[in-house]
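Below: start-v9.cif (mmCIF, C-alpha atoms and all ligand atoms)
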data_structure
#
loop_
_atom_site.label_atom_id
_atom_site.label_comp_id
_atom_site.auth_asym_id
_atom_site.auth_seq_id
_atom_site.Cartn_x
_atom_site.Cartn_y
_atom_site.Cartn_z
CA MET A 1 -2.15 5.98 -12.41
CA SER A 2 1.25 4.35 -12.47
CA PHE A 3 4.84 4.40 -13.44
CA ILE A 4 5.36 2.33 -16.54
CA SER A 5 8.86 1.29 -17.37
CA HIS A 6 8.25 0.74 -21.04
CA ALA A 7 5.40 1.08 -23.45
CA VAL A 8 3.81 -2.25 -24.27
CA GLY A 9 2.02 -2.79 -27.49
CA TRP A 10 -0.98 -4.58 -26.05
CA ILE A 11 -4.49 -3.35 -26.52
CA VAL A 12 -5.97 -6.09 -24.38
CA GLN A 13 -4.18 -6.50 -21.09
CA PRO A 14 -1.80 -9.47 -21.15
CA PRO A 15 -1.96 -11.99 -18.28
CA PHE A 16 0.08 -10.71 -15.35
CA PHE A 17 0.54 -11.22 -11.64
CA GLY A 18 0.85 -8.76 -8.75
CA LEU A 19 4.22 -8.58 -6.97
CA ASP A 20 4.59 -6.82 -3.60
CA ILE A 21 8.27 -6.24 -2.80
CA SER A 22 8.83 -5.45 0.88
CA ASP A 23 12.09 -5.26 2.81
CA LEU A 24 11.80 -8.83 4.07
CA THR A 25 9.25 -10.54 1.85
CA LEU A 26 8.16 -10.92 -1.74
CA LYS A 27 4.45 -11.61 -2.08
CA PHE A 28 2.66 -12.46 -5.26
CA ALA A 29 -0.91 -13.07 -6.38
CA LYS A 30 -2.71 -13.71 -9.61
CA VAL A 31 -6.36 -12.92 -10.22
CA HIS A 32 -8.28 -14.02 -13.25
CA ARG A 33 -11.49 -12.54 -14.48
CA SER A 34 -14.13 -14.35 -16.45
CA LYS A 35 -17.82 -13.97 -17.15
CA ALA A 36 -18.47 -15.94 -13.99
CA GLY A 37 -16.56 -13.33 -11.97
CA ALA A 38 -13.06 -12.96 -10.62
CA ASP A 39 -11.07 -15.51 -8.66
CA ILE A 40 -7.59 -15.98 -7.23
CA ASP A 41 -5.43 -18.34 -9.30
CA TYR A 42 -2.49 -18.48 -6.90
CA PHE A 43 -0.71 -16.45 -4.28
CA GLY A 44 2.36 -16.89 -2.14
CA GLU A 45 5.19 -15.44 -0.13
CA VAL A 46 9.00 -15.72 -0.20
CA LYS A 47 11.27 -14.44 2.54
CA ILE A 48 14.02 -11.97 1.61
CA PRO A 49 17.20 -12.15 3.71
CA SER A 50 17.91 -8.93 5.55
CA GLY A 51 20.16 -6.44 3.80
CA VAL A 52 18.85 -7.17 0.28
CA VAL A 53 16.15 -4.48 0.38
CA GLU A 54 16.46 -1.81 3.06
CA LYS A 55 13.82 0.82 3.66
CA GLY A 56 12.55 0.26 0.16
CA GLU A 57 15.95 0.55 -1.53
CA VAL A 58 17.35 -2.45 -3.39
CA LYS A 59 20.82 -2.96 -1.91
CA ASN A 60 21.67 -6.27 -3.48
CA GLU A 61 20.22 -6.56 -6.97
CA GLY A 62 21.89 -9.94 -7.60
CA GLU A 63 20.27 -11.61 -4.63
CA LEU A 64 16.84 -10.15 -5.32
CA PHE A 65 17.16 -11.27 -8.92
CA ALA A 66 18.00 -14.81 -7.76
CA LEU A 67 14.97 -14.92 -5.47
CA LEU A 68 12.68 -13.72 -8.24
CA LYS A 69 14.14 -16.13 -10.74
CA LYS A 70 14.26 -19.27 -8.60
CA HIS A 71 12.13 -18.99 -5.51
CA LEU A 72 8.83 -17.48 -6.52
CA ILE A 73 6.83 -20.59 -5.67
CA ASP A 74 3.47 -20.88 -3.95
CA ALA A 75 2.52 -23.33 -1.18
CA GLU A 76 1.52 -25.94 -3.78
CA GLY A 77 4.79 -25.70 -5.67
CA ARG A 78 3.43 -23.60 -8.53
CA ARG A 79 5.46 -20.85 -10.15
CA PRO A 80 3.95 -17.82 -11.84
CA GLN A 81 3.99 -18.56 -15.57
CA GLU A 82 3.16 -15.01 -16.62
CA ARG A 83 5.98 -12.80 -17.82
CA TYR A 84 4.18 -9.60 -16.99
CA VAL A 85 3.95 -8.10 -13.53
CA VAL A 86 2.37 -5.16 -11.80
CA ALA A 87 4.77 -4.49 -8.94
CA SER A 88 4.64 -2.17 -5.96
CA LEU A 89 7.01 0.63 -5.16
CA PRO A 90 7.84 1.21 -1.51
CA GLU A 91 5.49 3.64 0.16
CA GLU A 92 8.14 5.26 2.32
CA LYS A 93 10.11 6.51 -0.67
CA SER A 94 7.18 8.17 -2.39
CA PHE A 95 5.33 11.40 -2.22
CA VAL A 96 1.62 11.51 -2.78
CA ARG A 97 -0.05 14.87 -2.91
CA LEU A 98 -3.58 15.92 -3.72
CA LEU A 99 -3.06 19.27 -5.41
CA GLN A 100 -5.66 21.86 -6.20
CA LEU A 101 -5.00 23.61 -9.46
CA PRO A 102 -6.89 26.62 -10.77
CA LYS A 103 -9.29 26.10 -13.66
CA ILE A 104 -6.84 25.78 -16.54
CA GLN A 105 -6.76 23.99 -19.88
CA ARG A 106 -6.17 20.26 -19.51
CA LYS A 107 -3.08 20.45 -21.66
CA GLU A 108 -1.60 22.87 -19.16
CA VAL A 109 -2.07 20.52 -16.22
CA ALA A 110 1.29 18.71 -16.48
CA SER A 111 3.33 21.89 -16.46
CA ALA A 112 1.25 23.38 -13.64
CA ILE A 113 1.91 20.23 -11.58
CA ARG A 114 5.62 20.44 -12.26
CA TRP A 115 5.61 24.00 -11.04
CA GLU A 116 3.69 23.07 -7.87
CA LEU A 117 5.91 20.07 -7.18
CA GLU A 118 9.06 22.11 -7.30
CA ALA A 119 7.77 23.97 -4.29
CA ASN A 120 6.27 20.93 -2.57
CA ILE A 121 8.71 18.03 -2.61
CA PRO A 122 12.16 17.67 -1.12
CA LEU A 123 13.77 16.31 -4.31
CA PRO A 124 14.95 17.99 -7.50
CA ILE A 125 12.16 17.42 -9.97
CA ASP A 126 14.50 16.09 -12.68
CA GLN A 127 15.49 13.23 -10.37
CA THR A 128 11.91 12.03 -10.13
CA TYR A 129 9.17 10.42 -12.13
CA PHE A 130 5.77 11.80 -11.48
CA ASP A 131 2.35 10.73 -12.50
CA TYR A 132 -1.05 12.27 -11.98
CA GLU A 133 -4.73 11.60 -12.13
CA ILE A 134 -7.45 14.24 -12.28
CA VAL A 135 -9.78 13.37 -9.43
CA HIS A 136 -12.29 16.21 -9.74
CA SER A 137 -12.57 18.34 -12.83
CA PRO A 138 -13.93 21.82 -12.43
CA ASP A 139 -17.65 22.08 -13.05
CA ALA A 140 -19.72 25.23 -13.27
CA SER A 141 -19.67 25.70 -9.52
CA SER A 142 -16.01 25.06 -8.84
CA ASP A 143 -12.98 27.00 -9.89
CA HIS A 144 -10.32 24.31 -9.57
CA PHE A 145 -9.09 20.85 -10.47
CA ASP A 146 -8.18 18.27 -7.82
CA VAL A 147 -5.19 16.31 -9.04
CA LEU A 148 -3.64 13.36 -7.25
CA VAL A 149 0.08 13.38 -7.93
CA THR A 150 2.52 10.57 -7.19
CA VAL A 151 6.22 11.32 -7.18
CA PHE A 152 9.03 8.81 -7.06
CA PRO A 153 12.83 9.02 -7.09
CA ARG A 154 14.08 7.99 -10.51
CA ASP A 155 16.95 5.85 -9.22
CA ILE A 156 14.58 3.73 -7.11
CA VAL A 157 12.20 3.15 -10.02
CA ASN A 158 15.13 2.27 -12.26
CA SER A 159 16.64 -0.21 -9.81
CA TYR A 160 13.31 -2.03 -9.34
CA THR A 161 12.80 -2.13 -13.09
CA ASN A 162 16.32 -3.47 -13.70
CA VAL A 163 15.94 -6.34 -11.27
CA LEU A 164 12.57 -7.34 -12.64
CA LYS A 165 13.86 -7.29 -16.19
CA ARG A 166 16.96 -9.31 -15.30
CA ALA A 167 14.65 -11.91 -13.80
CA GLY A 168 12.84 -12.14 -17.12
CA LEU A 169 9.80 -10.24 -15.90
CA ARG A 170 8.28 -7.32 -17.73
CA PRO A 171 6.75 -4.64 -15.56
CA LEU A 172 3.43 -3.58 -16.99
CA ALA A 173 3.16 -1.00 -14.26
CA LEU A 174 4.81 -0.02 -11.04
CA GLU A 175 2.50 1.57 -8.54
CA LEU A 176 2.40 2.55 -4.93
CA GLU A 177 1.33 0.12 -2.25
CA SER A 178 -1.34 2.62 -1.22
CA GLN A 179 -2.90 2.50 -4.68
CA ALA A 180 -3.01 -1.30 -4.58
CA ILE A 181 -4.39 -1.42 -1.03
CA SER A 182 -7.14 1.10 -1.81
CA ARG A 183 -8.12 -0.85 -4.90
CA ALA A 184 -8.39 -4.09 -2.89
CA LEU A 185 -10.32 -2.65 0.06
CA ILE A 186 -12.60 0.06 -1.31
CA ASP A 187 -15.44 -0.72 -3.64
CA GLU A 188 -17.84 1.60 -5.42
CA SER A 189 -20.33 1.67 -2.58
CA MET A 190 -17.64 3.12 -0.29
CA ALA A 191 -16.06 5.59 -2.68
CA GLY A 192 -18.01 8.63 -1.46
CA ASP A 193 -16.96 8.30 2.18
CA GLY A 194 -13.83 8.99 4.17
CA TYR A 195 -11.60 6.18 5.43
CA ILE A 196 -8.16 5.59 6.85
CA LEU A 197 -6.48 2.38 5.69
CA ILE A 198 -3.57 1.17 7.79
CA ASP A 199 -1.03 -1.40 6.62
CA ILE A 200 0.86 -2.74 9.63
CA GLY A 201 3.83 -4.65 8.24
CA MET A 202 7.00 -6.09 9.60
CA THR A 203 9.17 -2.99 9.29
CA ARG A 204 6.71 -0.11 9.08
CA THR A 205 3.14 1.06 9.28
CA SER A 206 1.62 2.97 6.36
CA PHE A 207 -1.44 5.17 6.64
CA ILE A 208 -3.63 5.95 3.68
CA LEU A 209 -6.14 8.77 3.98
CA TYR A 210 -8.94 8.23 1.52
CA GLY A 211 -11.90 10.46 0.73
CA GLY A 212 -14.11 11.69 -2.09
CA GLY A 213 -13.12 8.75 -4.27
CA SER A 214 -9.37 9.23 -4.05
CA ILE A 215 -6.28 8.90 -1.89
CA ILE A 216 -5.75 12.26 -0.19
CA LEU A 217 -2.41 11.56 1.44
CA THR A 218 -0.19 8.71 2.55
CA LEU A 219 2.37 8.48 5.28
CA SER A 220 4.64 5.76 6.71
CA ILE A 221 6.21 5.51 10.12
CA GLU A 222 9.03 3.18 11.05
CA VAL A 223 7.06 1.12 13.54
CA GLY A 224 6.21 -2.44 12.61
CA GLY A 225 6.02 -6.05 13.76
CA ILE A 226 9.76 -6.36 14.23
CA ASP A 227 9.62 -3.51 16.75
CA PHE A 228 6.75 -5.25 18.53
CA ASP A 229 8.84 -8.43 18.75
CA ALA A 230 11.92 -6.55 20.00
CA ALA A 231 9.92 -4.74 22.70
CA ILE A 232 8.33 -8.00 23.89
CA ALA A 233 11.70 -9.82 23.86
CA LYS A 234 13.25 -7.10 25.99
CA ALA A 235 10.38 -6.86 28.47
CA LEU A 236 10.02 -10.61 28.97
CA GLY A 237 13.72 -11.47 28.67
CA ILE A 238 13.16 -13.92 25.80
CA GLY A 239 14.47 -14.31 22.22
CA ARG A 240 12.90 -12.57 19.21
CA ASP A 241 11.39 -15.73 17.76
CA GLU A 242 9.75 -16.65 21.02
CA ALA A 243 8.54 -13.06 21.36
CA GLU A 244 6.96 -13.23 17.91
CA ARG A 245 5.20 -16.49 18.84
CA ALA A 246 3.86 -14.94 22.07
CA LYS A 247 2.72 -11.87 20.13
CA LYS A 248 0.80 -14.04 17.66
CA GLU A 249 -0.76 -16.20 20.33
CA PHE A 250 -1.69 -13.69 23.04
CA GLY A 251 -1.70 -10.25 21.37
CA LEU A 252 -2.99 -7.60 23.74
CA ASP A 253 -4.27 -10.08 26.32
CA LYS A 254 -3.68 -8.34 29.67
CA LYS A 255 -3.69 -11.66 31.52
CA TYR A 256 -0.61 -12.91 29.72
CA HIS A 257 2.53 -12.41 31.85
CA SER A 258 0.62 -10.09 34.22
CA GLY A 259 0.17 -7.55 31.42
CA GLU A 260 3.91 -7.12 30.83
CA MET A 261 3.58 -7.86 27.13
CA VAL A 262 0.79 -5.31 26.68
CA ASP A 263 2.80 -2.75 28.64
CA ALA A 264 5.76 -3.33 26.33
CA LEU A 265 3.60 -2.76 23.25
CA ILE A 266 1.74 0.35 24.44
CA PRO A 267 4.48 2.90 23.58
CA LEU A 268 4.61 1.55 20.02
CA LEU A 269 0.84 1.44 19.67
CA SER A 270 0.69 5.00 21.01
CA ALA A 271 2.86 6.10 18.09
CA LEU A 272 0.21 4.61 15.78
CA VAL A 273 -2.58 6.35 17.69
CA ASP A 274 -0.80 9.72 17.52
CA GLU A 275 -0.46 9.43 13.77
CA LEU A 276 -4.05 8.31 13.40
CA LYS A 277 -5.32 11.28 15.38
CA LYS A 278 -3.34 13.65 13.16
CA GLN A 279 -4.86 12.08 10.09
CA ILE A 280 -8.39 12.34 11.47
CA TRP A 281 -7.81 16.06 12.07
CA PHE A 282 -6.26 16.49 8.68
CA TYR A 283 -9.28 14.83 7.08
CA ARG A 284 -11.70 17.13 8.90
CA ASP A 285 -9.77 20.16 7.82
CA HIS A 286 -9.56 18.93 4.27
CA ALA A 287 -13.31 18.14 4.13
CA GLU A 288 -14.12 21.60 5.45
CA HIS A 289 -11.91 23.09 2.79
CA ARG A 290 -13.89 21.21 0.20
CA HIS A 291 -17.10 22.93 1.32
CA GLY A 292 -18.98 19.78 2.21
CA SER A 293 -18.44 18.04 -1.13
CA PHE A 294 -17.75 14.89 0.87
CA PRO A 295 -18.56 13.81 4.45
CA SER A 296 -16.81 15.75 7.18
CA GLU A 297 -15.84 12.75 9.32
CA ILE A 298 -13.89 9.55 8.79
CA LYS A 299 -16.43 6.75 8.59
CA ALA A 300 -14.16 3.86 9.51
CA ILE A 301 -10.57 2.71 9.78
CA TYR A 302 -9.50 -0.53 8.08
CA LEU A 303 -6.48 -2.56 9.11
CA VAL A 304 -4.38 -4.80 6.87
CA GLY A 305 -0.82 -6.23 6.95
CA GLY A 306 0.43 -9.14 9.02
CA ASP A 307 0.49 -7.29 12.32
CA ALA A 308 -3.14 -6.22 11.91
CA ASN A 309 -3.72 -9.74 13.27
CA LEU A 310 -2.48 -8.69 16.70
CA ILE A 311 -5.35 -9.76 18.95
CA GLY A 312 -7.14 -6.71 20.35
CA ILE A 313 -5.41 -4.06 18.21
CA ASP A 314 -8.69 -3.11 16.52
CA LYS A 315 -10.41 -2.48 19.86
CA TYR A 316 -7.38 -0.64 21.24
CA LEU A 317 -7.30 1.75 18.28
CA ALA A 318 -11.09 2.16 18.24
CA VAL A 319 -11.18 3.20 21.88
CA SER A 320 -8.17 5.50 21.43
CA VAL A 321 -9.52 7.46 18.48
CA LYS A 322 -13.28 6.89 18.98
CA LYS A 323 -13.90 5.62 15.46
CA PRO A 324 -14.94 2.21 14.16
CA VAL A 325 -11.83 0.12 13.46
CA LEU A 326 -12.33 -2.99 11.34
CA MET A 327 -10.24 -5.65 9.67
CA GLY A 328 -9.96 -4.98 5.95
CA ASP A 329 -11.19 -7.59 3.50
CA PRO A 330 -8.46 -8.10 0.88
CA PHE A 331 -10.88 -10.22 -1.15
CA LEU A 332 -13.58 -7.55 -1.49
CA GLY A 333 -12.22 -6.43 -4.87
CA VAL A 334 -12.04 -10.03 -6.09
CA TYR A 335 -15.31 -11.57 -4.91
CA GLY A 336 -17.42 -8.46 -4.26
CA ARG A 337 -20.08 -8.35 -1.58
CA GLY A 338 -22.31 -11.11 -2.91
CA GLY A 339 -20.98 -13.84 -0.63
CA GLY A 340 -20.94 -17.47 -1.63
CA HIS A 341 -17.18 -17.58 -2.28
CA VAL A 342 -14.80 -19.42 -0.07
CA PRO A 343 -11.51 -17.50 -0.13
CA PRO A 344 -8.36 -19.61 -0.56
CA VAL A 345 -7.17 -18.68 2.95
CA PRO A 346 -8.92 -17.54 6.12
CA LYS A 347 -9.28 -13.80 6.50
CA ASN A 348 -6.53 -13.39 9.08
CA ALA A 349 -3.99 -15.16 6.86
CA SER A 350 -5.03 -12.95 3.95
CA LEU A 351 -4.36 -9.57 5.58
CA LYS A 352 -0.71 -9.59 4.59
CA TYR A 353 -1.58 -10.29 0.95
CA CYS A 354 -3.71 -7.18 0.56
CA THR A 355 -1.11 -5.26 -1.48
CA ALA A 356 -0.32 -8.22 -3.77
CA ILE A 357 -4.04 -8.82 -4.39
CA GLY A 358 -4.63 -5.11 -5.07
CA LEU A 359 -1.79 -5.14 -7.61
CA ALA A 360 -3.25 -8.24 -9.25
CA LEU A 361 -6.60 -6.42 -9.54
CA ARG A 362 -5.25 -3.59 -11.59
CA SER A 363 -7.30 -3.28 -14.73
CA GLU A 364 -5.68 -0.53 -16.71
CA TYR A 365 -2.25 0.78 -17.34
CA GLY A 366 -1.06 4.14 -18.54
CA LEU A 367 2.13 5.34 -20.09
CA LEU A 368 5.20 6.54 -18.39
CA ASN A 369 4.67 10.10 -17.42
CA ALA A 370 8.24 11.11 -16.83
CA SER A 371 8.99 14.62 -15.87
N1 LIG B 401 -1.38 -13.62 14.23
C1 LIG B 401 -0.53 -12.60 14.23
N2 LIG B 401 -0.53 -11.68 15.23
C2 LIG B 401 0.33 -10.67 15.23
N3 LIG B 401 1.24 -10.44 14.27
C3 LIG B 401 1.29 -11.32 13.25
C4 LIG B 401 0.42 -12.42 13.17
N4 LIG B 401 0.70 -13.11 12.03
C5 LIG B 401 1.72 -12.46 11.42
N5 LIG B 401 2.08 -11.39 12.15
C6 LIG B 401 3.16 -10.45 11.88
O1 LIG B 401 3.01 -9.91 10.58
C7 LIG B 401 4.26 -9.39 10.14
C8 LIG B 401 4.42 -9.66 8.67
O2 LIG B 401 3.47 -8.85 8.02
P1 LIG B 401 3.58 -8.46 6.51
O3 LIG B 401 3.79 -9.70 5.70
O4 LIG B 401 2.41 -7.62 6.18
O5 LIG B 401 4.92 -7.59 6.52
P2 LIG B 401 5.76 -7.12 5.26
O6 LIG B 401 4.84 -6.73 4.17
O7 LIG B 401 6.77 -8.16 4.94
O8 LIG B 401 6.55 -5.89 5.87
P3 LIG B 401 6.60 -4.36 5.43
O9 LIG B 401 5.33 -4.04 4.70
O10 LIG B 401 6.77 -3.64 6.72
O11 LIG B 401 7.82 -4.22 4.57
C9 LIG B 401 5.33 -10.01 11.05
O12 LIG B 401 5.79 -8.99 11.93
C10 LIG B 401 4.54 -11.06 11.83
O13 LIG B 401 5.05 -11.25 13.15
MG MG B 402 3.94 -5.01 3.38
#

Can the structure from this file be put into structure tokens for me?
Ligand SMILES: Nc1ncnc2c1ncn2[C@@H]1O[C@H](COP(=O)(O)OP(=O)(O)OP(=O)(O)O)[C@@H](O)[C@H]1O
Ligand SMILES: [Mg+2]
Amino acid sequence: MSFISHAVGWIVQPPFFGLDISDLTLKFAKVHRSKAGADIDYFGEVKIPSGVVEKGEVKNEGELFALLKKHLIDAEGRRPQERYVVASLPEEKSFVRLLQLPKIQRKEVASAIRWELEANIPLPIDQTYFDYEIVHSPDASSDHFDVLVTVFPRDIVNSYTNVLKRAGLRPLALELESQAISRALIDESMAGDGYILIDIGMTRTSFILYGGGSIILTLSIEVGGIDFDAAIAKALGIGRDEAERAKKEFGLDKKYHSGEMVDALIPLLSALVDELKKQIWFYRDHAEHRHGSFPSEIKAIYLVGGDANLIGIDKYLAVSVKKPVLMGDPFLGVYGRGGGHVPPVPKNASLKYCTAIGLALRSEYGLLNAS
């Protein structure tokens, strides 16, 4: 499922890399597959000055183009040689809906979705691209289709595509961060259960509700690492950079500064907990609706993104929502569960690359499904 900016005449997938465009960073990763298994070829990160991409909107195409053209370089000085990319679209600008459609002919699905979307999304349908994937087809016992629909504003898709093309890159597919993250973190053995995946980034936190083999819903809130740093700086009377260093070193350690840093972070973490609780309820309700076709409770919550490294955040969330909270493994989709592979970076340093790795793992691409 994806937005494709142009049809490519490849039958076998051409070599490509994954490109995660955030407000303040570009991250990239390349995975190669061979008979011996998959491995990471390279990965890296480039900072984006503020004001170039804001809340997922490209504000300065020229500057982003220059970064892509000149500064996409990994820690060992290597540049991606591939012309093709699978890039992410910002989660906060998208709409993801799992729709239930009555048992209709497959060829009628697209127009039924269009009809449903008109009532369900806050944008005129002709200003969007939408794409869909049938998650559950009706069998003898069921009377409906489950269809996962992704909707995106046309102007955002077009501006991302323009910049990539100007930089000499050809987008094979544009997809949502949530799709990439789910692909990286969830393997076949997990697909039947219910999970919440949380990406805690610099500017926002995205929640992905996953169950019955598909994303059910995604949601972003504007709370991220920068807000953590600002709250710490204010409480301790220090600068933002120093606050970020203290955050990384001490996390939720109550002994640090007599607990003042933890106290400063609690209101922000509470916002995460509130959202998480809502999603747990939503999942229960959804599972009940599905008449027990998948488990009625969330099995675990996985954290990724740079701020998932905050020491103690997993325990804090676990106690608050009474569910297991674990660090995600961005390399699961690359190396599998067999063990024996030494990832190119320690797990904590890899959490922020989850989206880029998920994009690099994409193994199929569709055609533009414009409305
Ligand atoms: N050890 C650590 N402890 C706490 N926070 C950390 C640690 N290491 C990095 N971070 C934080 O991770 C954040 C960067 O994460 P990430 O790269 O996932 O964000 P991003 O993808 O650029 O942002 P967004 O997805 O919000 O647009 C920064 O806020 C940084 O302070
Ligand atoms: Mg991010």

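Take the candidates A:Glu297, A:Asp20, A:Glu63, A:Asp126 and check each one against Tyr210 of chain A using all atoms listed in the file; the shortest distance goes to A:Glu297.
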
Within 10 Å of ligand MG 402 (chain B), which residues of chain A show up? Give each one with its shortest atom-to-atom distance in Å (one decimal) and the two atoms involved, counting all atoms listed in the file, rows by chain then rising residue number, as a tab-separated table.
residue	atom	partner	partner_atom	distance
A:Asp20	CA	B:MG402	MG	7.2
A:Ile21	CA	B:MG402	MG	7.6
A:Ser22	CA	B:MG402	MG	5.5
A:Asp23	CA	B:MG402	MG	8.2
A:Leu24	CA	B:MG402	MG	8.8
A:Thr25	CA	B:MG402	MG	7.8
A:Leu26	CA	B:MG402	MG	8.9
A:Lys27	CA	B:MG402	MG	8.6
A:Ser88	CA	B:MG402	MG	9.8
A:Pro90	CA	B:MG402	MG	8.8
A:Glu91	CA	B:MG402	MG	9.4
A:Glu177	CA	B:MG402	MG	8.1
A:Asp199	CA	B:MG402	MG	6.9
A:Ile200	CA	B:MG402	MG	7.3
A:Gly201	CA	B:MG402	MG	4.9
A:Met202	CA	B:MG402	MG	7.0
A:Thr203	CA	B:MG402	MG	8.1
A:Arg204	CA	B:MG402	MG	8.0
A:Thr205	CA	B:MG402	MG	8.5
A:Ser206	CA	B:MG402	MG	8.8
A:Gly224	CA	B:MG402	MG	9.8
A:Val304	CA	B:MG402	MG	9.0
A:Gly305	CA	B:MG402	MG	6.1
A:Gly306	CA	B:MG402	MG	7.8
A:Asp307	CA	B:MG402	MG	9.9
A:Leu351	CA	B:MG402	MG	9.7
A:Lys352	CA	B:MG402	MG	6.6
A:Tyr353	CA	B:MG402	MG	8.0
A:Cys354	CA	B:MG402	MG	8.4
A:Thr355	CA	B:MG402	MG	7.0
A:Ala356	CA	B:MG402	MG	8.9

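Shortest separation to ligand LIG 401 (chain B) among A:Val46, A:Val151, A:Met190, A:Leu99 occurs at residue A:Val46, atoms counted being all atoms listed in the file.
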
Exercise. A:Glu288, A:Asp274, A:Asp39, A:Asp314: which is nearest ligand LIG 401 (chain B), counting only C-alpha atoms and all ligand atoms?
Worked result: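 Checking each candidate against ligand LIG 401 (chain B), we get A:Asp314 as the closest.
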
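Ranking A:Ala300, A:Ile125, A:Ala36, A:Leu19 by their shortest atom-to-atom distance to Val85 of chain A, with all atoms listed in the file included, puts A:Leu19 first.
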
Exercise. Distance atom CA of Lys323 of chain A-atom CA of Pro295 of chain A, one decimal place?
Worked result: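 According to the coordinates, atom CA of Lys323 of chain A and atom CA of Pro295 of chain A are separated by 14.5 Å.
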
Exercise. Which is closer to Glu92 of chain A than all the others in A:Thr218, A:Ser296, A:Gln13, A:Ser320, using only C-alpha atoms?
Worked result: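 With only C-alpha atoms as the atom set, the closest residue is A:Thr218.
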
For this session: Please indicate the distance in Å from atom CA of Val53 of chain A to atom O6 of ligand LIG 401 (chain B), rounded to one decimal place.
Result: 12.1 Å

Problem set entry | Residue neighbourhood Asp41 of chain A, 7 Å, only C-alpha atoms, exclusion window fewer than 4 positions, as a ChimeraX atom specification | /A:30-32

Problem set entry | Selection: 12 Å around Phe95 of chain A, all atoms listed in the file, excl. self and same-chain fewer than 4 positions, as a PyMOL selection string | chain A and resi 89-91+99+117+120-123+125+128-132+148-153+176-178+215-220

Have segment 213-217 of chain A completed to all heavy atoms, please, and pass it along as a PDB file, in the frame of the given file.
ATOM      1  N   GLY A 213     -13.469   9.593  -3.130  1.00  0.00           N
ATOM      2  CA  GLY A 213     -13.120   8.750  -4.270  1.00  0.00           C
ATOM      3  C   GLY A 213     -11.643   8.718  -4.610  1.00  0.00           C
ATOM      4  O   GLY A 213     -11.259   8.226  -5.673  1.00  0.00           O
ATOM      5  N   SER A 214     -10.799   9.208  -3.706  1.00  0.00           N
ATOM      6  CA  SER A 214      -9.370   9.230  -4.050  1.00  0.00           C
ATOM      7  C   SER A 214      -8.507   9.182  -2.790  1.00  0.00           C
ATOM      8  O   SER A 214      -8.953   9.534  -1.705  1.00  0.00           O
ATOM      9  CB  SER A 214      -9.103  10.529  -4.819  1.00  0.00           C
ATOM     10  OG  SER A 214      -7.851  11.066  -4.537  1.00  0.00           O
ATOM     11  N   ILE A 215      -7.254   8.757  -2.980  1.00  0.00           N
ATOM     12  CA  ILE A 215      -6.280   8.900  -1.890  1.00  0.00           C
ATOM     13  C   ILE A 215      -6.056  10.399  -1.701  1.00  0.00           C
ATOM     14  O   ILE A 215      -5.948  11.150  -2.670  1.00  0.00           O
ATOM     15  CB  ILE A 215      -4.960   8.218  -2.281  1.00  0.00           C
ATOM     16  CG1 ILE A 215      -5.158   6.706  -2.399  1.00  0.00           C
ATOM     17  CG2 ILE A 215      -3.867   8.554  -1.277  1.00  0.00           C
ATOM     18  CD1 ILE A 215      -3.959   5.972  -2.976  1.00  0.00           C
ATOM     19  N   ILE A 216      -6.032  10.842  -0.459  1.00  0.00           N
ATOM     20  CA  ILE A 216      -5.750  12.260  -0.190  1.00  0.00           C
ATOM     21  C   ILE A 216      -4.278  12.417   0.168  1.00  0.00           C
ATOM     22  O   ILE A 216      -3.617  13.354  -0.241  1.00  0.00           O
ATOM     23  CB  ILE A 216      -6.636  12.779   0.960  1.00  0.00           C
ATOM     24  CG1 ILE A 216      -8.117  12.644   0.594  1.00  0.00           C
ATOM     25  CG2 ILE A 216      -6.284  14.223   1.308  1.00  0.00           C
ATOM     26  CD1 ILE A 216      -9.070  12.910   1.752  1.00  0.00           C
ATOM     27  N   LEU A 217      -3.770  11.449   0.940  1.00  0.00           N
ATOM     28  CA  LEU A 217      -2.410  11.560   1.440  1.00  0.00           C
ATOM     29  C   LEU A 217      -1.971  10.202   1.965  1.00  0.00           C
ATOM     30  O   LEU A 217      -2.800   9.411   2.389  1.00  0.00           O
ATOM     31  CB  LEU A 217      -2.467  12.606   2.540  1.00  0.00           C
ATOM     32  CG  LEU A 217      -1.497  12.689   3.669  1.00  0.00           C
ATOM     33  CD1 LEU A 217      -0.977  14.099   3.707  1.00  0.00           C
ATOM     34  CD2 LEU A 217      -2.189  12.450   4.981  1.00  0.00           C
TER      35      LEU A 217
END
